[in-house]
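Chemist: Contents of final_11.txt (compact mmCIF, C-alpha atoms) are given next:
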# COMPACT_ATOMS: atom_id res chain seq x y z
CA MET A 1 0.00 0.00 0.00
CA VAL A 2 1.34 3.47 -0.86
CA ASN A 3 1.93 6.13 1.83
CA ARG A 4 -0.16 9.21 2.62
CA GLN A 5 1.98 11.56 0.56
CA LYS A 6 1.59 9.35 -2.50
CA LEU A 7 -2.18 9.08 -1.91
CA LEU A 8 -2.41 12.87 -1.77
CA ASP A 9 -0.49 13.07 -5.02
CA LEU A 10 -2.86 10.54 -6.59
CA TYR A 11 -6.22 11.70 -5.30
CA PHE A 12 -6.17 15.20 -3.76
CA LEU A 13 -7.16 17.14 -6.86
CA GLU A 14 -9.90 14.63 -7.66
CA ALA A 15 -11.27 14.82 -4.10
CA ARG A 16 -11.07 18.63 -4.19
CA ALA A 17 -13.01 18.75 -7.46
CA LYS A 18 -15.70 16.45 -6.06
CA MET A 19 -16.03 18.60 -2.95
CA VAL A 20 -16.46 21.78 -5.02
CA ASP A 21 -19.06 19.98 -7.15
CA LEU A 22 -20.91 18.98 -4.02
CA ALA A 23 -20.84 22.53 -2.68
CA ALA A 24 -22.11 23.84 -6.01
CA PHE A 25 -24.94 21.28 -5.95
CA LEU A 26 -26.04 22.48 -2.52
CA ASP A 27 -25.83 26.11 -3.65
CA ARG A 28 -27.96 25.19 -6.68
CA MET A 29 -30.52 23.61 -4.40
CA ASP A 30 -30.54 26.77 -2.24
CA ARG A 31 -31.19 28.98 -5.25
CA ALA A 32 -33.97 26.85 -6.67
CA GLU A 33 -37.61 27.18 -5.69
CA GLY A 34 -40.04 24.50 -4.55
CA GLU A 35 -40.03 21.79 -1.92
CA CYS A 36 -37.22 19.33 -1.28
CA ASP A 37 -37.84 15.68 -0.58
CA PHE A 38 -36.18 13.18 1.75
CA ARG A 39 -33.15 12.74 -0.50
CA LEU A 40 -31.53 16.07 0.40
CA THR A 41 -32.19 15.51 4.09
CA ALA A 42 -30.64 12.05 3.85
CA LEU A 43 -27.60 13.41 2.01
CA LEU A 44 -27.01 16.14 4.58
CA LYS A 45 -27.34 13.60 7.38
CA ALA A 46 -24.87 11.28 5.64
CA PHE A 47 -22.32 14.14 5.55
CA GLU A 48 -22.08 13.82 9.32
CA GLU A 49 -20.40 10.48 8.85
CA LEU A 50 -17.41 12.22 7.24
CA ARG A 51 -16.37 13.47 10.67
CA HIS A 52 -15.62 9.95 11.89
CA SER A 53 -12.12 8.58 11.69
CA GLY A 54 -11.11 4.93 11.72
CA GLY A 55 -11.28 4.14 8.03
CA THR A 56 -14.99 3.38 7.86
CA ARG A 57 -16.42 6.60 6.42
CA ALA A 58 -17.49 5.06 3.10
CA GLU A 59 -19.24 2.20 4.89
CA ARG A 60 -20.94 4.63 7.29
CA VAL A 61 -22.13 6.93 4.49
CA LEU A 62 -23.56 3.96 2.58
CA LEU A 63 -25.33 2.69 5.69
CA ALA A 64 -26.72 6.17 6.43
CA LEU A 65 -28.36 6.12 2.99
CA SER A 66 -29.62 2.52 3.30
CA ASP A 67 -32.92 0.96 4.23
CA PRO A 68 -32.32 -0.16 7.84
CA THR A 69 -35.36 -2.47 8.04
CA THR A 70 -35.05 -6.23 7.90
CA ALA A 71 -38.40 -7.61 6.68
CA PRO A 72 -39.23 -8.02 2.98
CA ILE A 73 -41.68 -5.43 1.66
CA PRO A 74 -45.15 -6.74 0.71
CA ALA A 75 -44.71 -6.02 -3.01
CA ALA A 76 -42.38 -4.17 -5.36
CA THR A 77 -44.27 -1.20 -6.77
CA SER A 78 -41.35 0.17 -8.77
CA LYS A 79 -38.07 -1.15 -10.15
CA ALA A 80 -35.78 1.79 -9.51
CA ALA A 81 -33.76 2.80 -6.47
CA CYS A 82 -33.31 6.49 -5.72
CA GLY A 83 -30.21 6.40 -3.53
CA ALA A 84 -31.74 7.22 -0.14
CA TRP A 85 -34.29 5.56 2.08
CA PRO A 86 -37.51 7.58 2.40
CA GLY A 87 -38.29 6.18 5.84
CA ASN A 88 -41.49 4.66 7.00
CA PRO A 89 -44.47 6.05 5.06
CA MET B 1 -0.98 -8.61 -28.44
CA PRO B 2 -1.39 -6.99 -24.98
CA SER B 3 0.84 -8.05 -22.09
CA MET B 4 -2.05 -7.97 -19.62
CA ARG B 5 -4.69 -10.69 -19.50
CA TYR B 6 -8.02 -10.57 -17.73
CA ILE B 7 -11.36 -12.32 -17.54
CA GLU B 8 -14.57 -10.27 -17.71
CA PRO B 9 -16.87 -12.27 -15.40
CA HIS B 10 -19.96 -10.08 -15.85
CA ALA B 11 -20.87 -8.20 -19.03
CA HIS B 12 -24.17 -7.87 -20.87
CA MET B 13 -22.75 -8.11 -24.34
CA VAL B 14 -26.14 -8.41 -26.05
CA SER B 15 -26.46 -4.68 -25.26
CA ARG B 16 -23.04 -3.71 -26.56
CA VAL B 17 -21.76 -2.91 -30.02
CA THR B 18 -19.30 -5.20 -31.77
CA ASP B 19 -16.53 -2.60 -31.38
CA ASP B 20 -16.59 -3.38 -27.65
CA TYR B 21 -15.59 -6.98 -28.34
CA GLN B 22 -12.71 -5.70 -30.41
CA ALA B 23 -11.57 -3.25 -27.72
CA MET B 24 -11.81 -5.89 -24.97
CA VAL B 25 -9.71 -8.42 -26.87
CA VAL B 26 -7.11 -5.80 -27.71
CA ALA B 27 -6.97 -4.90 -23.98
CA GLY B 28 -6.26 -8.54 -23.03
CA CYS B 29 -9.67 -10.06 -22.36
CA ALA B 30 -9.37 -13.87 -22.35
CA ALA B 31 -13.03 -14.74 -21.74
CA VAL B 32 -16.33 -12.97 -21.20
CA CYS B 33 -19.24 -14.22 -19.07
CA GLU B 34 -22.77 -12.91 -19.56
CA PRO B 35 -25.47 -13.30 -16.91
CA ALA B 36 -29.12 -13.16 -17.93
CA PHE B 37 -30.62 -9.79 -17.00
CA TRP B 38 -33.40 -7.28 -17.49
CA ALA B 39 -33.81 -5.93 -21.02
CA GLY B 40 -34.84 -2.48 -19.79
CA PHE B 41 -38.49 -3.39 -20.24
CA ASP B 42 -40.63 -6.25 -18.95
CA ARG B 43 -41.00 -9.20 -21.30
CA SER B 44 -44.59 -10.22 -21.79
CA ALA B 45 -44.29 -14.00 -21.83
CA ALA B 46 -41.99 -16.93 -21.13
CA ALA B 47 -41.50 -17.39 -24.87
CA ALA B 48 -39.54 -14.12 -24.94
CA PHE B 49 -37.11 -15.61 -22.42
CA HIS B 50 -36.79 -18.74 -24.55
CA ASP B 51 -35.56 -16.53 -27.38
CA TYR B 52 -33.25 -14.63 -25.01
CA PHE B 53 -31.73 -17.89 -23.74
CA CYS B 54 -31.14 -18.93 -27.36
CA GLN B 55 -29.42 -15.61 -27.92
CA LEU B 56 -27.15 -16.17 -24.89
CA THR B 57 -26.30 -19.78 -25.73
CA GLU B 58 -26.11 -19.67 -29.53
CA HIS B 59 -25.95 -16.24 -31.14
CA GLU B 60 -23.78 -14.24 -28.73
CA PRO B 61 -21.00 -16.89 -28.54
CA ARG B 62 -20.81 -16.76 -32.33
CA ARG B 63 -20.45 -12.97 -32.26
CA ALA B 64 -17.62 -13.24 -29.70
CA THR B 65 -15.90 -16.03 -31.61
CA LYS B 66 -15.30 -13.65 -34.51
CA PHE B 67 -12.73 -12.00 -32.22
CA GLY B 68 -11.38 -15.25 -30.76
CA LEU B 69 -13.06 -14.50 -27.45
CA PRO B 70 -14.66 -17.40 -25.53
CA HIS B 71 -18.18 -16.45 -24.40
CA PHE B 72 -19.98 -18.04 -21.44
CA CYS B 73 -23.36 -17.29 -19.88
CA TRP B 74 -25.60 -17.69 -16.84
CA LEU B 75 -29.36 -18.23 -17.01
CA CYS B 76 -32.30 -17.03 -14.92
CA ILE B 77 -35.17 -14.57 -14.81
CA ASN B 78 -33.71 -11.33 -13.47
CA PRO B 79 -34.91 -9.98 -10.08
CA LYS B 80 -36.45 -6.95 -11.80
CA GLU B 81 -38.96 -9.30 -13.43
CA SER B 82 -39.48 -11.49 -10.37
CA GLU B 83 -42.53 -9.76 -8.96
CA ASP B 84 -44.69 -11.87 -11.27
CA VAL B 85 -44.23 -15.30 -9.67
CA SER B 86 -46.33 -17.08 -12.27
CA LEU B 87 -44.19 -15.76 -15.13
CA ALA B 88 -41.05 -16.60 -13.16
CA ARG B 89 -42.24 -20.16 -12.63
CA ASP B 90 -42.79 -20.57 -16.39
CA VAL B 91 -39.36 -19.12 -17.20
CA ILE B 92 -37.57 -21.26 -14.61
CA ALA B 93 -39.22 -24.33 -16.15
CA LEU B 94 -37.47 -23.47 -19.44
CA ILE B 95 -33.99 -23.36 -17.96
CA PRO B 96 -33.06 -27.06 -17.39
CA LYS B 97 -32.87 -27.91 -21.08
CA PHE B 98 -30.59 -24.91 -21.67
CA LEU B 99 -28.24 -25.98 -18.86
CA GLU B 100 -26.82 -28.57 -21.23
CA GLY B 101 -25.50 -25.78 -23.44
CA LYS B 102 -21.73 -25.86 -23.73
CA ASN B 103 -21.28 -22.21 -22.67
CA VAL B 104 -23.70 -22.25 -19.68
CA LEU B 105 -21.88 -21.80 -16.35
CA GLY B 106 -24.79 -21.77 -13.91
CA ILE B 107 -27.78 -19.85 -12.55
CA GLY B 108 -27.55 -16.05 -12.52
CA GLU B 109 -27.77 -13.24 -12.01
CA ILE B 110 -30.42 -14.09 -9.45
CA GLY B 111 -31.29 -12.20 -6.28
CA LEU B 112 -33.42 -9.32 -5.16
CA ASN B 113 -34.23 -5.87 -6.53
CA LYS B 114 -36.66 -4.13 -4.16
CA ASN B 115 -36.53 -6.87 -1.49
CA SER B 116 -40.16 -7.91 -1.87
CA ARG B 117 -41.82 -11.14 -0.76
CA ASN B 118 -42.33 -12.33 -4.33
CA GLU B 119 -38.73 -11.59 -5.25
CA LEU B 120 -37.69 -13.75 -2.30
CA LYS B 121 -39.96 -16.58 -3.48
CA VAL B 122 -38.41 -16.48 -6.94
CA LEU B 123 -34.91 -16.34 -5.46
CA GLU B 124 -35.70 -19.50 -3.48
CA MET B 125 -36.97 -21.17 -6.67
CA HIS B 126 -33.71 -20.31 -8.46
CA VAL B 127 -31.62 -21.59 -5.55
CA ASP B 128 -33.56 -24.83 -5.59
CA LEU B 129 -33.00 -25.11 -9.36
CA ALA B 130 -29.27 -24.58 -8.91
CA ALA B 131 -29.10 -27.13 -6.11
CA ARG B 132 -31.06 -29.78 -8.05
CA HIS B 133 -28.78 -29.39 -11.08
CA ASN B 134 -25.54 -28.80 -9.14
CA GLN B 135 -24.99 -25.39 -10.75
CA LEU B 136 -22.80 -22.46 -9.76
CA ILE B 137 -24.73 -19.39 -8.57
CA LEU B 138 -24.18 -15.74 -9.48
CA VAL B 139 -26.11 -13.33 -7.25
CA HIS B 140 -27.09 -9.77 -8.13
CA THR B 141 -27.42 -7.60 -5.02
CA PRO B 142 -29.86 -4.67 -5.11
CA HIS B 143 -29.05 -1.10 -5.95
CA LEU B 144 -28.26 1.82 -3.66
CA GLU B 145 -30.51 2.09 -0.59
CA ASP B 146 -31.77 -1.47 -1.06
CA LYS B 147 -28.36 -3.17 -1.23
CA HIS B 148 -27.54 -3.70 2.45
CA LYS B 149 -30.92 -5.15 3.36
CA GLY B 150 -31.10 -7.19 0.14
CA THR B 151 -27.65 -8.66 0.64
CA ARG B 152 -28.58 -9.81 4.16
CA LEU B 153 -31.86 -11.35 2.96
CA THR B 154 -30.08 -13.10 0.07
CA LEU B 155 -27.38 -14.58 2.28
CA ASP B 156 -30.11 -15.84 4.63
CA VAL B 157 -31.77 -17.68 1.72
CA LEU B 158 -28.49 -19.26 0.61
CA ARG B 159 -27.54 -20.30 4.15
CA ALA B 160 -30.98 -21.80 4.73
CA ASP B 161 -30.48 -24.34 1.93
CA SER B 162 -28.06 -27.00 3.16
CA ARG B 163 -27.35 -28.12 -0.42
CA ILE B 164 -25.69 -24.80 -1.26
CA LYS B 165 -21.94 -24.46 -0.84
CA PRO B 166 -20.84 -20.84 -0.31
CA GLU B 167 -17.62 -21.35 -2.26
CA ARG B 168 -19.77 -22.09 -5.34
CA CYS B 169 -21.69 -18.79 -5.04
CA VAL B 170 -20.47 -15.34 -5.99
CA ILE B 171 -22.28 -12.35 -4.50
CA ASP B 172 -21.87 -9.52 -6.98
CA HIS B 173 -21.95 -5.74 -6.68
CA VAL B 174 -20.49 -5.70 -3.14
CA GLU B 175 -19.60 -2.33 -1.66
CA GLU B 176 -17.97 -1.19 1.57
CA HIS B 177 -21.10 -1.89 3.66
CA THR B 178 -21.73 -5.42 2.33
CA VAL B 179 -18.35 -6.91 1.47
CA LYS B 180 -17.55 -8.13 4.99
CA MET B 181 -20.77 -10.08 5.47
CA VAL B 182 -20.16 -11.81 2.13
CA PHE B 183 -16.62 -12.87 3.04
CA ASP B 184 -17.61 -13.82 6.58
CA GLY B 185 -20.20 -16.20 5.09
CA GLY B 186 -17.53 -17.96 2.99
CA PHE B 187 -18.94 -16.67 -0.31
CA TRP B 188 -17.06 -15.12 -3.21
CA GLY B 189 -17.54 -11.39 -3.75
CA GLY B 190 -17.77 -9.42 -6.99
CA MET B 191 -16.90 -5.72 -7.14
CA THR B 192 -18.69 -4.02 -10.02
CA LEU B 193 -16.91 -1.09 -11.62
CA TYR B 194 -19.95 0.84 -12.80
CA PRO B 195 -20.28 4.63 -12.96
CA GLY B 196 -22.48 6.42 -10.45
CA THR B 197 -24.38 3.61 -8.82
CA LYS B 198 -21.75 1.03 -7.89
CA CYS B 199 -18.00 1.07 -7.34
CA THR B 200 -15.08 3.09 -8.68
CA ALA B 201 -11.69 1.56 -9.36
CA ALA B 202 -10.16 3.52 -6.48
CA ARG B 203 -12.77 2.17 -4.03
CA ALA B 204 -12.31 -1.35 -5.37
CA VAL B 205 -8.59 -1.10 -4.66
CA ASP B 206 -9.41 0.22 -1.18
CA MET B 207 -11.51 -2.88 -0.49
CA ILE B 208 -8.79 -5.18 -1.84
CA GLU B 209 -6.22 -3.52 0.43
CA ARG B 210 -8.55 -3.71 3.40
CA TYR B 211 -9.98 -7.21 3.04
CA GLY B 212 -7.38 -8.98 0.90
CA GLY B 213 -7.75 -10.30 -2.59
CA GLU B 214 -8.99 -13.81 -1.88
CA ARG B 215 -12.41 -14.98 -3.11
CA LEU B 216 -12.84 -11.75 -5.01
CA TRP B 217 -13.25 -10.64 -8.61
CA MET B 218 -13.90 -7.37 -10.41
CA ASP B 219 -16.35 -6.92 -13.28
CA SER B 220 -17.77 -4.13 -15.42
CA ALA B 221 -21.40 -5.31 -15.68
CA CYS B 222 -21.47 -3.18 -18.83
CA ASP B 223 -24.97 -3.10 -20.28
CA TRP B 224 -27.35 -0.71 -22.04
CA GLY B 225 -26.68 2.00 -19.45
CA VAL B 226 -23.72 4.37 -19.32
CA SER B 227 -21.05 1.79 -18.47
CA VAL B 228 -17.47 0.90 -19.29
CA PRO B 229 -16.58 -2.36 -21.09
CA LEU B 230 -12.89 -1.74 -20.32
CA ALA B 231 -13.47 -1.11 -16.61
CA ILE B 232 -11.28 -4.05 -15.57
CA PRO B 233 -8.18 -2.92 -17.50
CA TYR B 234 -8.70 0.57 -16.03
CA ALA B 235 -8.90 -0.98 -12.55
CA ALA B 236 -5.67 -2.85 -13.29
CA LEU B 237 -4.08 0.51 -14.06
CA GLU B 238 -5.40 1.85 -10.76
CA LEU B 239 -3.85 -1.12 -8.94
CA ARG B 240 -0.54 -0.35 -10.62
CA ARG B 241 -0.77 3.33 -9.63
CA ARG B 242 -1.30 2.16 -6.06
CA GLY B 243 1.89 0.14 -6.12
CA HIS B 244 0.58 -3.39 -6.63
CA SER B 245 2.78 -5.85 -8.50
CA ALA B 246 2.08 -7.37 -11.90
CA GLU B 247 1.66 -10.73 -10.16
CA THR B 248 -0.99 -9.34 -7.78
CA ILE B 249 -2.84 -7.69 -10.66
CA ASP B 250 -2.79 -10.92 -12.65
CA ARG B 251 -4.18 -12.81 -9.65
CA LEU B 252 -7.01 -10.32 -9.19
CA VAL B 253 -8.13 -9.87 -12.79
CA TYR B 254 -7.34 -13.31 -14.20
CA GLN B 255 -6.45 -16.04 -11.69
CA ASN B 256 -9.27 -15.30 -9.23
CA PRO B 257 -12.16 -15.41 -11.72
CA LEU B 258 -10.50 -18.41 -13.37
CA HIS B 259 -10.39 -20.17 -10.00
CA PHE B 260 -14.09 -19.60 -9.28
CA LEU B 261 -15.39 -20.22 -12.79
CA SER B 262 -13.32 -23.39 -13.26
CA GLN B 263 -15.58 -25.03 -10.71
CA CYS B 264 -17.78 -25.45 -13.77
CA PRO B 265 -16.00 -28.00 -16.01
CA LYS B 266 -17.30 -26.18 -19.08
CA PHE B 267 -15.15 -23.12 -18.31
CA ALA B 268 -12.17 -24.11 -20.42
CA LEU B 269 -9.96 -21.56 -22.16
CA PRO B 270 -8.08 -22.25 -25.40
CA GLY B 271 -4.53 -23.35 -24.78
CA GLY B 272 -5.24 -24.09 -21.14
CA ALA B 273 -5.07 -21.57 -18.35
CA GLY B 274 -3.36 -20.83 -15.10
CA GLU B 275 0.16 -19.63 -14.56
CA ARG B 276 1.43 -17.06 -17.02
CA PRO B 277 3.91 -18.58 -19.47
CA ALA B 278 7.52 -17.51 -18.88
Please express the file's structure as structure tokens.
Modeler:
Amino acid sequence: MVNRQKLLDLYFLEARAKMVDLAAFLDRMDRAEGECDFRLTALLKAFEELRHSGGTRAERVLLALSDPTTAPIPAATSKAACGAWPGNP
Amino acid sequence: MPSMRYIEPHAHMVSRVTDDYQAMVVAGCAAVCEPAFWAGFDRSAAAAFHDYFCQLTEHEPRRATKFGLPHFCWLCINPKESEDVSLARDVIALIPKFLEGKNVLGIGEIGLNKNSRNELKVLEMHVDLAARHNQLILVHTPHLEDKHKGTRLTLDVLRADSRIKPERCVIDHVEEHTVKMVFDGGFWGGMTLYPGTKCTAARAVDMIERYGGERLWMDSACDWGVSVPLAIPYAALELRRRGHSAETIDRLVYQNPLHFLSQCPKFALPGGAGERPA
């Protein structure tokens, strides 16, 4: 495995660009009119996981955006996933 | 010819143009494996699946052969069409006669999509089919918010059937929140290098460095969506950028899928396979 300096050389600019994109997305949402849905709330909540150290941020972000229930749903009413769990209806 | 060799264990070539075959072979692809999947629309009858299975077992291998590329396939009704249990039952009844096909590796990609009761029933029917015919299993795990729950439910189904051997099942599309439960259960894991909704090459290398490279493969799952048929060679480049040796890269992109897929005697590559010639 390469060291931290090498990882910065490999990925810093890419990570920086993604962060600016994310900030611009949130600014865009601020400027737009209309109601938000659960997806933005879920995304903002998932950001909190970035504060944790210990090498599990990706896992924690994915879990924050996941359906935490365990029982099968009665029936599939759509095919698509949207990327965040809407919560109990 | 390229110095790198790799096996593409999961690609939906029926959705790709012929140029992709050419590019894959030039990049070092030694074999391509195509699971049955959703066409992007629901098929109206079992007869449509009959035609699709003919395409996977007869037509597509011929298309690949034009480029000297061995083509293998997996058969099933995809989880996205599993809500209709009656249709699924009719389709599953078609599969046994196709299992004799010389390029058929097993049952897949089966699993769950929205984690519904009917999808679970159809998954159990597929698992029973695989067990009765001693077939390898390729599992699709759900997308995005449904993946973690769906992976747990799927592993429960596989563990509940005592005829199923975990080392003969690959659980595909693992990510950071599901990979550990797959390995802990003794299953193989597939990391899918697919833009936006699955895994990047950098994250795949992270998981390899964290969990080791045993019982693991990478695939592109390229299909009719925005996807990358050369995702595995790009991931090999990422491994090299991260300091991994040529031997490690060869093990991850060639030896590992070869090891799993060779559990099916039909997975034979021209000129033999295994250690790289000196």
Chemist: Kindly determine which residues of chain A lie within 9 Å of chain B, considering all atoms listed in the file, and give the answer as number ranges by chain.
Modeler: A: 1-2, 6-7, 10, 56, 58-85
Chemist: Measure the distance from CA of Pro270 in chain B to CA of Phe187 in chain B in Å and round it to one decimal.
Modeler: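 Value for the CA of Pro270 in chain B-CA of Phe187 in chain B distance: 27.9 Å.
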Chemist: Kindly provide, as JSON, the centre and edge lengths (Å, one decimal) of an axis-aligned box around all atoms of range 7-13 of chain A given in the file, with 5 Å on each side.
Modeler:
{"center_x": -3.8, "center_y": 13.1, "center_z": -4.3, "size_x": 16.7, "size_y": 18.1, "size_z": 15.1}
Chemist: What is the CA of Gln55 in chain B to CA of Asp20 in chain B distance in Å?
Modeler: 17.7 Å
Chemist: Hey, can you check how far CA of Phe183 in chain B sits from CA of Leu261 in chain B?
Modeler: 17.5 Å
Chemist: Could you give me, as a ChimeraX atom specification, the residues within 12 Å of range 36-48 of chain B, counting all atoms listed in the file and dropping anything in the same chain fewer than 3 positions from it?
Modeler: /A:79-80 /B:10-15,33,51-57,72-95,104-111,113,138-140,221-225
Chemist: Which polymer residues, whether protein, DNA or RNA, lie within 9 Å of the coordinate (-16.6, -23.9, -10.1) when you count all atoms listed in the file? List them as number ranges by chain, using the chain letters and numbers from the file.
Modeler: B: 105, 135-136, 167-169, 258-265, 267
Chemist: So which residues touch range 22-26 of chain A within 12 Å, counting all atoms listed in the file, skipping near sequence neighbours fewer than 2 positions away, as an MDAnalysis selection string?
Modeler: chainID A and resid 15:20 28:32 36 40:41 43:44 47
Chemist: Find the residue from B:Asp19, B:Asp219, B:Asp250, B:Asp161 that sits nearest to Met4 in chain B; use all atoms listed in the file when measuring.
Modeler: B:Asp250
